[in-house]
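K.L.:
Following this line is target-v3.cif, made up of mmCIF, C-alpha atoms:
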```cif
data_upload
#
loop_
_atom_site.label_atom_id
_atom_site.label_comp_id
_atom_site.auth_asym_id
_atom_site.auth_seq_id
_atom_site.Cartn_x
_atom_site.Cartn_y
_atom_site.Cartn_z
CA MET P 1 103.72 103.90 139.10
CA ASN P 2 106.61 105.73 140.75
CA PRO P 3 107.43 108.72 138.49
CA TYR P 4 110.74 109.37 140.26
CA ARG P 5 112.34 105.99 139.50
CA LEU P 6 114.65 106.91 136.63
CA TYR P 7 114.80 110.68 136.49
CA LEU P 8 116.57 112.20 133.49
CA VAL P 9 118.09 115.65 133.92
CA THR P 10 118.96 117.14 130.54
CA ASP P 11 122.38 118.50 129.66
CA ASP P 12 122.09 122.23 128.96
CA GLN P 13 125.30 122.14 126.88
CA GLN P 14 123.66 119.99 124.21
CA ASP P 15 121.99 121.67 121.24
CA LEU P 16 118.25 121.42 120.63
CA ALA P 17 118.47 118.59 118.08
CA THR P 18 120.64 116.51 120.42
CA LEU P 19 118.36 117.26 123.36
CA LYS P 20 115.30 116.06 121.43
CA TYR P 21 117.11 112.91 120.28
CA VAL P 22 118.33 112.08 123.81
CA VAL P 23 114.91 112.61 125.39
CA GLN P 24 113.09 110.59 122.73
CA GLN P 25 115.55 107.71 123.09
CA ALA P 26 115.62 107.88 126.88
CA ILE P 27 111.81 107.69 127.04
CA GLU P 28 111.83 104.61 124.83
CA GLY P 29 114.45 103.13 127.14
CA GLY P 30 112.33 103.59 130.24
CA VAL P 31 113.01 107.00 131.77
CA THR P 32 110.12 107.93 134.09
CA MET P 33 110.62 111.69 134.49
CA VAL P 34 112.43 114.45 132.59
CA GLN P 35 113.81 117.68 134.00
CA VAL P 36 114.84 120.33 131.48
CA ARG P 37 117.74 122.43 132.63
CA GLU P 38 119.02 125.68 131.12
CA LYS P 39 121.70 127.44 133.11
CA HIS P 40 122.53 130.20 130.64
CA GLY P 41 119.71 132.55 131.53
CA ASP P 42 118.30 132.66 128.01
CA VAL P 43 114.57 132.44 128.72
CA ARG P 44 113.55 132.22 125.06
CA ALA P 45 115.90 129.30 124.49
CA PHE P 46 114.67 127.69 127.71
CA ILE P 47 111.03 127.94 126.59
CA GLU P 48 111.91 126.56 123.16
CA ARG P 49 113.74 123.59 124.71
CA ALA P 50 110.95 122.96 127.20
CA LYS P 51 108.29 123.05 124.47
CA ALA P 52 110.28 120.64 122.33
CA VAL P 53 110.56 118.18 125.21
CA LYS P 54 106.90 118.61 126.09
CA THR P 55 105.94 117.65 122.54
CA ILE P 56 107.95 114.44 122.86
CA LEU P 57 106.39 113.62 126.24
CA LYS P 58 102.85 114.35 125.08
CA GLN P 59 102.20 110.75 124.03
CA THR P 60 103.56 109.38 127.34
CA ASP P 61 102.75 109.64 131.03
CA VAL P 62 106.25 110.95 131.77
CA PRO P 63 106.12 114.26 133.70
CA LEU P 64 108.02 117.31 132.45
CA ILE P 65 109.83 119.21 135.19
CA ILE P 66 111.45 122.63 134.69
CA ASN P 67 114.63 123.42 136.58
CA ASP P 68 114.62 126.65 138.62
CA ARG P 69 112.26 128.76 136.54
CA VAL P 70 108.62 128.97 137.60
CA ASP P 71 107.87 131.42 134.77
CA VAL P 72 109.09 128.95 132.15
CA ALA P 73 107.11 126.11 133.76
CA LEU P 74 103.96 128.23 133.60
CA ALA P 75 104.70 129.38 130.05
CA VAL P 76 104.83 125.82 128.71
CA ASP P 77 102.35 124.35 131.23
CA ALA P 78 104.91 121.86 132.52
CA ASP P 79 104.03 119.22 135.12
CA GLY P 80 106.24 120.77 137.74
CA VAL P 81 109.28 122.74 138.86
CA HIS P 82 112.50 121.76 140.59
CA LEU P 83 114.03 124.45 142.80
CA GLY P 84 117.55 124.88 144.08
CA GLN P 85 118.32 126.44 147.44
CA SER P 86 119.10 129.83 145.89
CA ASP P 87 115.92 129.91 143.79
CA MET P 88 112.48 131.23 144.70
CA PRO P 89 111.22 130.02 148.12
CA ALA P 90 109.11 126.86 147.88
CA SER P 91 106.05 128.54 149.41
CA VAL P 92 106.11 131.29 146.78
CA ALA P 93 106.63 128.80 143.96
CA ARG P 94 103.74 126.67 145.23
CA ALA P 95 101.44 129.71 145.29
CA LEU P 96 102.32 130.45 141.66
CA ILE P 97 102.09 126.93 140.22
CA GLY P 98 99.04 125.88 142.22
CA PRO P 99 98.35 122.74 144.25
CA ASP P 100 98.39 120.15 141.44
CA LYS P 101 101.85 120.52 139.93
CA LEU P 102 104.93 118.74 141.21
CA LEU P 103 107.42 120.78 143.23
CA GLY P 104 110.88 119.44 143.99
CA LEU P 105 113.65 120.99 146.07
CA SER P 106 117.37 120.29 146.14
CA ILE P 107 118.58 119.48 149.65
CA GLU P 108 122.30 119.91 150.23
CA ASN P 109 122.77 119.59 153.99
CA GLU P 110 121.16 118.26 157.15
CA GLN P 111 119.66 121.59 158.22
CA GLN P 112 117.80 121.88 154.90
CA LEU P 113 116.72 118.26 155.30
CA ALA P 114 115.26 119.00 158.73
CA GLU P 115 113.12 121.79 157.28
CA ALA P 116 111.98 119.93 154.16
CA ASP P 117 108.92 118.19 155.60
CA SER P 118 107.39 121.52 156.62
CA LEU P 119 107.62 122.91 153.07
CA PRO P 120 104.91 122.60 150.38
CA ILE P 121 107.04 120.30 148.20
CA ASP P 122 106.39 116.86 146.70
CA TYR P 123 109.89 115.42 146.65
CA ILE P 124 113.50 116.08 147.56
CA GLY P 125 116.50 116.05 145.25
CA LEU P 126 119.31 114.90 147.56
CA SER P 127 122.47 116.51 146.23
CA ALA P 128 125.15 115.43 145.73
CA ILE P 129 125.44 111.75 146.56
CA PHE P 130 128.89 111.38 145.01
CA ALA P 131 131.36 113.78 143.42
CA THR P 132 130.43 114.64 139.85
CA PRO P 133 132.06 116.62 137.02
CA THR P 134 128.76 118.44 136.25
CA LYS P 135 128.73 120.11 139.68
CA THR P 136 132.08 121.38 140.88
CA ASN P 137 130.86 123.70 143.66
CA THR P 138 129.32 120.99 145.87
CA LYS P 139 130.13 121.41 149.54
CA LYS P 140 128.85 118.05 150.72
CA HIS P 141 128.68 114.51 149.40
CA TRP P 142 126.02 112.45 151.16
CA GLY P 143 127.31 109.04 150.14
CA ILE P 144 125.33 105.87 150.86
CA GLU P 145 125.24 106.48 154.61
CA GLY P 146 124.00 110.03 154.17
CA LEU P 147 121.30 108.80 151.82
CA GLN P 148 120.17 106.23 154.40
CA LEU P 149 120.11 108.95 157.05
CA ALA P 150 118.00 111.21 154.84
CA LEU P 151 115.56 108.39 154.07
CA SER P 152 115.07 107.84 157.80
CA ARG P 153 114.46 111.54 158.48
CA THR P 154 111.90 112.55 155.88
CA SER P 155 108.55 111.24 154.76
CA LEU P 156 109.03 112.80 151.32
CA PRO P 157 110.18 110.77 148.31
CA ILE P 158 113.91 111.21 147.68
CA VAL P 159 115.59 111.42 144.28
CA ALA P 160 119.33 110.88 144.62
CA ILE P 161 121.52 112.93 142.26
CA GLY P 162 125.23 113.38 141.69
CA GLY P 163 127.81 110.96 140.37
CA ILE P 164 125.33 108.14 139.86
CA ASN P 165 126.36 105.46 137.37
CA GLN P 166 126.08 101.74 136.67
CA ASP P 167 128.69 100.90 139.31
CA ASN P 168 126.82 102.38 142.28
CA ILE P 169 123.18 101.95 141.23
CA PRO P 170 122.65 98.51 142.86
CA GLN P 171 124.02 99.86 146.15
CA LEU P 172 121.83 102.96 145.94
CA CYS P 173 118.68 100.99 145.12
CA ALA P 174 119.33 98.73 148.11
CA THR P 175 118.64 101.75 150.37
CA GLY P 176 115.04 101.89 149.14
CA VAL P 177 115.51 105.35 147.62
CA GLN P 178 112.51 106.34 145.50
CA GLY P 179 114.43 107.63 142.50
CA LEU P 180 117.79 108.18 140.85
CA ALA P 181 118.56 111.23 138.74
CA LEU P 182 121.12 110.96 135.98
CA VAL P 183 122.65 113.36 133.51
CA SER P 184 125.84 112.02 131.92
CA ALA P 185 125.01 108.31 132.04
CA ILE P 186 122.15 108.91 129.61
CA CYS P 187 122.83 112.26 127.89
CA HIS P 188 126.38 111.35 126.94
CA ALA P 189 125.73 107.70 126.08
CA ASP P 190 126.31 106.62 122.49
CA ASP P 191 122.89 104.97 122.62
CA PRO P 192 120.67 106.74 125.19
CA LYS P 193 117.86 104.22 124.71
CA SER P 194 120.04 101.21 125.53
CA ALA P 195 121.67 103.15 128.38
CA ALA P 196 118.29 103.97 129.96
CA ARG P 197 117.07 100.40 129.52
CA TYR P 198 120.23 99.00 131.08
CA LEU P 199 119.98 101.40 134.03
CA ARG P 200 116.36 100.37 134.59
CA GLN P 201 117.42 96.72 134.61
CA LEU P 202 120.13 97.49 137.17
CA MET P 203 117.54 99.12 139.38
CA ASN P 204 115.45 95.98 139.49
#
```
Re-express the file's structure as structure tokens.
P.N.:
Amino acid sequence: MNPYRLYLVTDDQQDLATLKYVVQQAIEGGVTMVQVREKHGDVRAFIERAKAVKTILKQTDVPLIINDRVDVALAVDADGVHLGQSDMPASVARALIGPDKLLGLSIENEQQLAEADSLPIDYIGLSAIFATPTKTNTKKHWGIEGLQLALSRTSLPIVAIGGINQDNIPQLCATGVQGLALVSAICHADDPKSAARYLRQLMN
């Protein structure tokens, strides 16, 4: 079972009730991993959201990943952490979370990609594949060719993120990428369960 296949990243603008609804539905639709994101710096709210999602995932084998915050991941005993380039260094995070939890790292350019295999991480989040409204400060878009390049240069599993939707999924899957991360296509769908199921079908 590839846990990275359909990787849901939650929308930190949605309230707790909506978050719980979206995650529950998305799991039923076939999401294989959930990353909880909270960009507002409210640690209490972050822990509350993470705990709520963990409760939903408890009956499943879907891993819970915490975005950026190692302390929150430890507080709720999440399955892993996903770091950005400006977060804690991967080696420090690994020392804190131990050898058994998942550690992901966002890779935004070729220099970071070249260093990735020497870091104590489990997977790469390749960002951003395409332009996306949820990230306006992106310096680089990898595109399909950049994704193929990255796949040829690392032995780590790659999760593609950024601007991924039903129109480009077949093309992305044809590269052999290990996973696709989505925010809007599931979080903002009228029916997150059907959306997730449809996206899984597209991937096959």
K.L.:
Quick one: residues within 8 Å of P:Leu156, only C-alpha atoms, excluding same-chain residues fewer than 3 positions away - as an MDAnalysis selection string?
P.N.:
chainID P and resid 117 122:124
K.L.:
Name the residues in contact with P:Val177 at a cut-off of 7 Å, using only C-alpha atoms, excluding same-chain residues fewer than 3 positions from it; report them as a list in words.
P.N.:
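Using only C-alpha atoms, the neighbours found are Ile158, Val159, Leu172 and Cys173 of chain P.
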K.L.:
Using all atoms listed in the file, pick whichever of P:Pro157, P:Gly176, P:Gly162, P:Gly143 has the shortest atom-to-atom distance to P:Leu8.
P.N.:
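Smallest distance to P:Leu8 is found for P:Gly162.
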K.L.:
Considering all atoms listed in the file, return as JSON, numbers by chain whatever protein or nucleic-acid residues lie within 12 Å of P:Gln178, sequence-local ones (same chain, fewer than 4 positions apart) excluded.
P.N.:
{"P": [1, 2, 3, 4, 5, 6, 7, 32, 123, 124, 125, 126, 147, 148, 150, 151, 155, 156, 157, 158, 159, 160, 161, 172, 173, 174, 203]}
K.L.:
As a list in words, please: the residues near stretch 139-142 of chain P (cut-off 7 Å, only C-alpha atoms, same-chain neighbours under 3 positions excluded).
P.N.:
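Selected residues are Glu108, Ala128, Ile129, Phe130, Ala131, Glu145, Gly146 and Leu147 of chain P.
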K.L.:
Fewer than 6 positions away in the same chain doesn't count, so skip those; otherwise give me all residues within 12 Å of P:Asp100, counting only C-alpha atoms, as a list in words.
P.N.:
Asp77, Ala78, Asp79, Gly80, Val81, Arg94, Pro120, Ile121 and Asp122 of chain P
K.L.:
Name the residues captured by the PyMOL selection byres ((chain P and resi 22) around 9) when it is applied to the shown file; answer as a ChimeraX atom specification.
P.N.:
/P:10,17-21,23-27,186-189,191-193
K.L.:
On this structure, which residues satisfy the PyMOL selection byres ((chain P and resi 12) around 9), written as a short mmCIF file (atom, residue, chain, number, x, y, z; two decimals) with C-alpha atoms, in the frame of the given file?
P.N.:
```cif
data_model
loop_
_atom_site.label_atom_id
_atom_site.label_comp_id
_atom_site.auth_asym_id
_atom_site.auth_seq_id
_atom_site.Cartn_x
_atom_site.Cartn_y
_atom_site.Cartn_z
CA THR P 10 118.96 117.14 130.54
CA ASP P 11 122.38 118.50 129.66
CA GLN P 13 125.30 122.14 126.88
CA GLN P 14 123.66 119.99 124.21
CA ASP P 15 121.99 121.67 121.24
CA LEU P 19 118.36 117.26 123.36
CA VAL P 36 114.84 120.33 131.48
CA ARG P 37 117.74 122.43 132.63
CA GLU P 38 119.02 125.68 131.12
CA LYS P 39 121.70 127.44 133.11
CA HIS P 40 122.53 130.20 130.64
#
```
K.L.:
With distances taken over all atoms listed in the file, which residue among P:Lys51, P:Lys58, P:Arg44, P:Arg200 lies nearest P:Gln166?
P.N.:
P:Arg200
